[in-house]
>>> print(open('data_27.cif').read())   # mmCIF, C-alpha atoms and all ligand atoms
data_protein
loop_
_atom_site.label_atom_id
_atom_site.label_comp_id
_atom_site.auth_asym_id
_atom_site.auth_seq_id
_atom_site.Cartn_x
_atom_site.Cartn_y
_atom_site.Cartn_z
CA MET V 1 0.00 0.00 0.00
CA ASN V 2 1.29 3.40 -0.93
CA ASP V 3 0.93 5.47 2.19
CA ASN V 4 2.02 9.00 1.50
CA ARG V 5 1.06 10.73 4.73
CA LYS V 6 3.83 13.18 5.55
CA ALA V 7 4.02 16.23 7.76
CA THR V 8 6.57 18.99 8.18
CA VAL V 9 6.64 20.27 11.74
CA ALA V 10 8.99 22.32 13.89
CA CYS V 11 10.72 20.52 16.76
CA PRO V 12 9.31 22.01 20.00
CA PHE V 13 12.77 21.91 21.58
CA CYS V 14 15.17 23.25 18.92
CA ALA V 15 12.72 24.67 16.30
CA THR V 16 14.31 22.68 13.45
CA LEU V 17 11.78 21.74 10.78
CA ASN V 18 11.43 17.98 10.46
CA ARG V 19 9.73 15.91 7.77
CA VAL V 20 7.82 13.15 9.50
CA ASP V 21 6.31 10.00 7.99
CA LEU V 22 2.84 9.91 9.53
CA SER V 23 2.38 6.22 8.76
CA ARG V 24 5.20 5.57 11.24
CA ILE V 25 4.27 7.74 14.22
CA ALA V 26 3.83 4.58 16.31
CA GLN V 27 7.64 4.23 16.05
CA HIS V 28 8.06 7.58 17.87
CA PRO V 29 9.80 9.89 15.39
CA LYS V 30 12.66 11.98 16.72
CA CYS V 31 14.05 15.35 15.72
CA GLY V 32 16.85 14.92 13.16
CA LYS V 33 18.87 17.62 14.90
CA CYS V 34 18.45 17.30 18.67
CA GLY V 35 17.07 13.75 18.87
CA LYS V 36 14.14 14.71 21.11
CA PRO V 37 10.73 13.14 20.35
CA ILE V 38 8.38 14.80 17.88
CA LEU V 39 4.94 14.37 19.38
CA LEU V 40 2.09 14.44 16.89
CA ASP V 41 -0.70 13.28 19.16
CA ARG V 42 -1.14 16.84 20.40
CA PRO V 43 -1.41 20.26 18.75
CA ILE V 44 1.84 21.60 17.33
CA ALA V 45 2.83 25.26 17.41
CA VAL V 46 3.22 27.17 14.15
CA SER V 47 4.63 30.67 13.75
CA ASP V 48 5.05 33.34 11.09
CA ALA V 49 8.38 31.64 10.31
CA THR V 50 7.07 28.08 9.97
CA PHE V 51 3.45 28.48 8.88
CA GLU V 52 4.09 28.30 5.14
CA ARG V 53 6.26 25.18 5.28
CA VAL V 54 4.01 23.32 7.69
CA THR V 55 0.79 23.94 5.76
CA ALA V 56 2.30 23.45 2.28
CA ASP V 57 4.49 20.42 3.04
CA THR V 58 1.98 18.36 5.01
CA THR V 59 -0.03 15.92 2.92
CA VAL V 60 -2.86 15.40 5.42
CA PRO V 61 -5.33 18.19 6.29
CA VAL V 62 -3.97 20.82 8.67
CA LEU V 63 -6.37 22.51 11.08
CA VAL V 64 -4.88 25.79 12.31
CA ASP V 65 -6.31 27.34 15.46
CA PHE V 66 -5.66 31.09 15.42
CA TYR V 67 -5.77 31.97 19.12
CA ALA V 68 -4.48 34.30 21.82
CA ASP V 69 -3.62 33.60 25.45
CA TRP V 70 -6.12 36.17 26.78
CA CYS V 71 -9.07 34.78 24.80
CA GLY V 72 -11.63 32.86 26.90
CA PRO V 73 -13.31 30.95 24.05
CA CYS V 74 -9.82 29.92 22.83
CA LYS V 75 -9.18 28.35 26.24
CA MET V 76 -12.44 26.45 25.91
CA MET V 77 -11.34 25.11 22.52
CA ALA V 78 -7.92 23.94 23.73
CA PRO V 79 -8.96 20.62 25.33
CA LEU V 80 -11.23 19.84 22.36
CA LEU V 81 -8.33 20.34 19.96
CA ASP V 82 -6.08 18.24 22.22
CA ASP V 83 -8.69 15.50 22.01
CA VAL V 84 -8.96 15.59 18.20
CA ALA V 85 -5.15 15.61 17.88
CA ARG V 86 -4.91 12.53 20.09
CA ARG V 87 -7.75 10.58 18.48
CA ARG V 88 -6.83 11.40 14.90
CA ALA V 89 -3.03 11.50 15.07
CA GLY V 90 -1.54 10.80 11.64
CA GLU V 91 -4.82 11.58 9.91
CA VAL V 92 -4.99 15.31 10.53
CA LEU V 93 -2.42 17.77 11.87
CA ILE V 94 -3.72 20.13 14.55
CA ALA V 95 -1.69 23.35 14.63
CA LYS V 96 -1.95 26.44 16.83
CA LEU V 97 -0.87 29.94 15.93
CA ASP V 98 -0.56 32.60 18.64
CA THR V 99 -1.92 35.68 16.84
CA ASP V 100 -0.25 38.12 19.27
CA ARG V 101 3.22 36.71 18.61
CA ASN V 102 2.63 36.07 14.90
CA PRO V 103 0.71 39.06 13.52
CA ALA V 104 1.83 38.62 9.90
CA THR V 105 0.04 35.30 9.38
CA GLY V 106 -3.12 36.54 11.10
CA MET V 107 -3.10 39.62 8.89
CA ARG V 108 -2.50 37.57 5.77
CA PHE V 109 -5.62 35.50 6.44
CA GLY V 110 -7.69 38.47 7.57
CA ILE V 111 -8.27 37.12 11.05
CA ARG V 112 -10.66 39.50 12.82
CA GLY V 113 -12.05 37.38 15.63
CA ILE V 114 -10.49 34.59 17.60
CA PRO V 115 -10.62 31.73 17.84
CA THR V 116 -10.67 31.21 14.09
CA MET V 117 -10.10 27.69 12.77
CA ILE V 118 -8.88 27.35 9.21
CA LEU V 119 -8.57 24.00 7.50
CA PHE V 120 -5.80 23.69 4.92
CA ARG V 121 -5.06 21.02 2.37
CA GLY V 122 -1.94 21.26 0.21
CA GLY V 123 -1.33 24.76 1.54
CA GLN V 124 -4.77 25.99 0.39
CA GLU V 125 -7.51 27.20 2.69
CA ILE V 126 -10.55 24.99 2.19
CA ALA V 127 -12.78 25.83 5.15
CA ARG V 128 -13.00 28.35 7.98
CA ARG V 129 -14.94 28.71 11.22
CA VAL V 130 -14.93 31.87 13.30
CA GLY V 131 -15.67 31.51 17.01
CA ALA V 132 -15.67 28.48 19.27
CA VAL V 133 -16.75 25.29 17.51
CA PRO V 134 -19.08 22.99 19.50
CA PRO V 135 -17.43 19.62 20.26
CA LYS V 136 -19.95 17.72 18.14
CA ASP V 137 -19.11 19.88 15.10
CA LEU V 138 -15.34 19.71 15.33
CA ASP V 139 -14.88 16.27 13.75
CA ALA V 140 -17.34 17.13 10.98
CA PHE V 141 -15.34 20.29 10.30
CA VAL V 142 -12.11 18.28 10.06
CA ASN V 143 -13.88 15.80 7.78
CA SER V 144 -14.81 18.55 5.34
CA ALA V 145 -11.17 18.51 4.13
ZN ZN G 201 14.99 19.30 17.81
#
>>> encode(input="data_27.cif", output="structure tokens")
Amino acid sequence: MNDNRKATVACPFCATLNRVDLSRIAQHPKCGKCGKPILLDRPIAVSDATFERVTADTTVPVLVDFYADWCGPCKMMAPLLDDVARRRAGEVLIAKLDTDRNPATGMRFGIRGIPTMILFRGGQEIARRVGAVPPKDLDAFVNSA
């Protein structure tokens, strides 16, 4: 079987971008530079610097949560996104972008309210939800990719 699920993600420890084979996440991929584990069963952080590479070079859908630390509804979404990332690891990449620290990407996508969830496939935006998404709708939203 030709399994072509790949993701490009930044190592949370040294920030090096790593290309990860998502069909092999059970084998615990490690960062090619620092050797620390790359954990894909939880949301990964993206930034102005890494956003383009992560969304364009990941072959599974990427759900980006545009959030800010001070935003109450964003805090409500966090455990729901953790849950989707854990249940659907290797099938979808859950990414989080702090809009305060990364204003360029938020501006580029015209983010006016947070949280905003944008679903990408092959680097292209294919769906968007503004505001907190009810738990029962989150999987359906991911499935629209
Ligand atoms: Zn590393």
>>> residues_around(input="data_27.cif", residues="segment 35-43 of chain V", least_positions_apart="3", cutoff="7 Å", atoms="only C-alpha atoms", output="JSON, numbers by chain")
{"V": [11, 28, 29, 30, 31, 32, 82, 85, 86, 89, 94, 95, 96]}
>>> residues_around(input="data_27.cif", residues="Val46 of chain V", least_positions_apart="2", cutoff="6 Å", atoms="only C-alpha atoms", output="list in words")
Thr50, Phe51, Lys96 and Leu97 of chain V
>>> atom_distance(input="data_27.cif", atom1="atom CA of Ala68 of chain V", atom2="atom CA of Ala127 of chain V")
20.5 Å
>>> residues_around(input="data_27.cif", residues="Cys74 of chain V", least_positions_apart="2", cutoff="9 Å", atoms="all atoms listed in the file", output="list of chain:residue names")
V:Asp65, V:Phe66, V:Tyr67, V:Ala68, V:Asp69, V:Trp70, V:Cys71, V:Gly72, V:Met76, V:Met77, V:Ala78, V:Ile114, V:Pro115, V:Thr116, V:Gly131, V:Ala132
>>> atom_distance(input="data_27.cif", atom1="atom CA of Ile44 of chain V", atom2="atom CA of Val62 of chain V")
10.5 Å
>>> closest_residue(input="data_27.cif", among="V:Cys34, V:Val92, V:Leu119, V:Ala104", to="ligand ZN 201 (chain G)", atoms="all atoms listed in the file")
V:Cys34
>>> atom_distance(input="data_27.cif", atom1="atom CA of Gly113 of chain V", atom2="atom CA of Ala145 of chain V")
22.1 Å
>>> residues_near_point(input="data_27.cif", point="(10.0, 23.7, 2.6)", cutoff="12 Å", atoms="only C-alpha atoms", output="ChimeraX atom specification")
/V:7-10,16-19,49-58,123
>>> residues_near_point(input="data_27.cif", point="(-14.0, 26.9, 6.7)", cutoff="10 Å", atoms="only C-alpha atoms", output="JSON, numbers by chain")
{"V": [63, 116, 117, 118, 119, 120, 125, 126, 127, 128, 129, 130, 141, 142, 144, 145]}
>>> closest_residue(input="data_27.cif", among="V:Val20, V:Arg101, V:Pro135, V:Ala15", to="ligand ZN 201 (chain G)", atoms="all atoms listed in the file")
V:Ala15
>>> closest_residue(input="data_27.cif", among="V:Lys6, V:Lys33, V:Phe13, V:Asp48", to="Asp100 of chain V", atoms="only C-alpha atoms")
V:Asp48
>>> residues_around(input="data_27.cif", residues="Leu138 of chain V", least_positions_apart="5", cutoff="9 Å", atoms="all atoms listed in the file", output="VMD selection string")
chain V and resid 80 to 81 84 133 143
>>> closest_residue(input="data_27.cif", among="V:Ala45, V:Met107, V:Val60, V:Ala140", to="Ser23 of chain V", atoms="all atoms listed in the file")
V:Val60
>>> closest_residue(input="data_27.cif", among="V:Asn4, V:Pro61, V:Pro12, V:Asp83", to="Ser47 of chain V", atoms="only C-alpha atoms")
V:Pro12
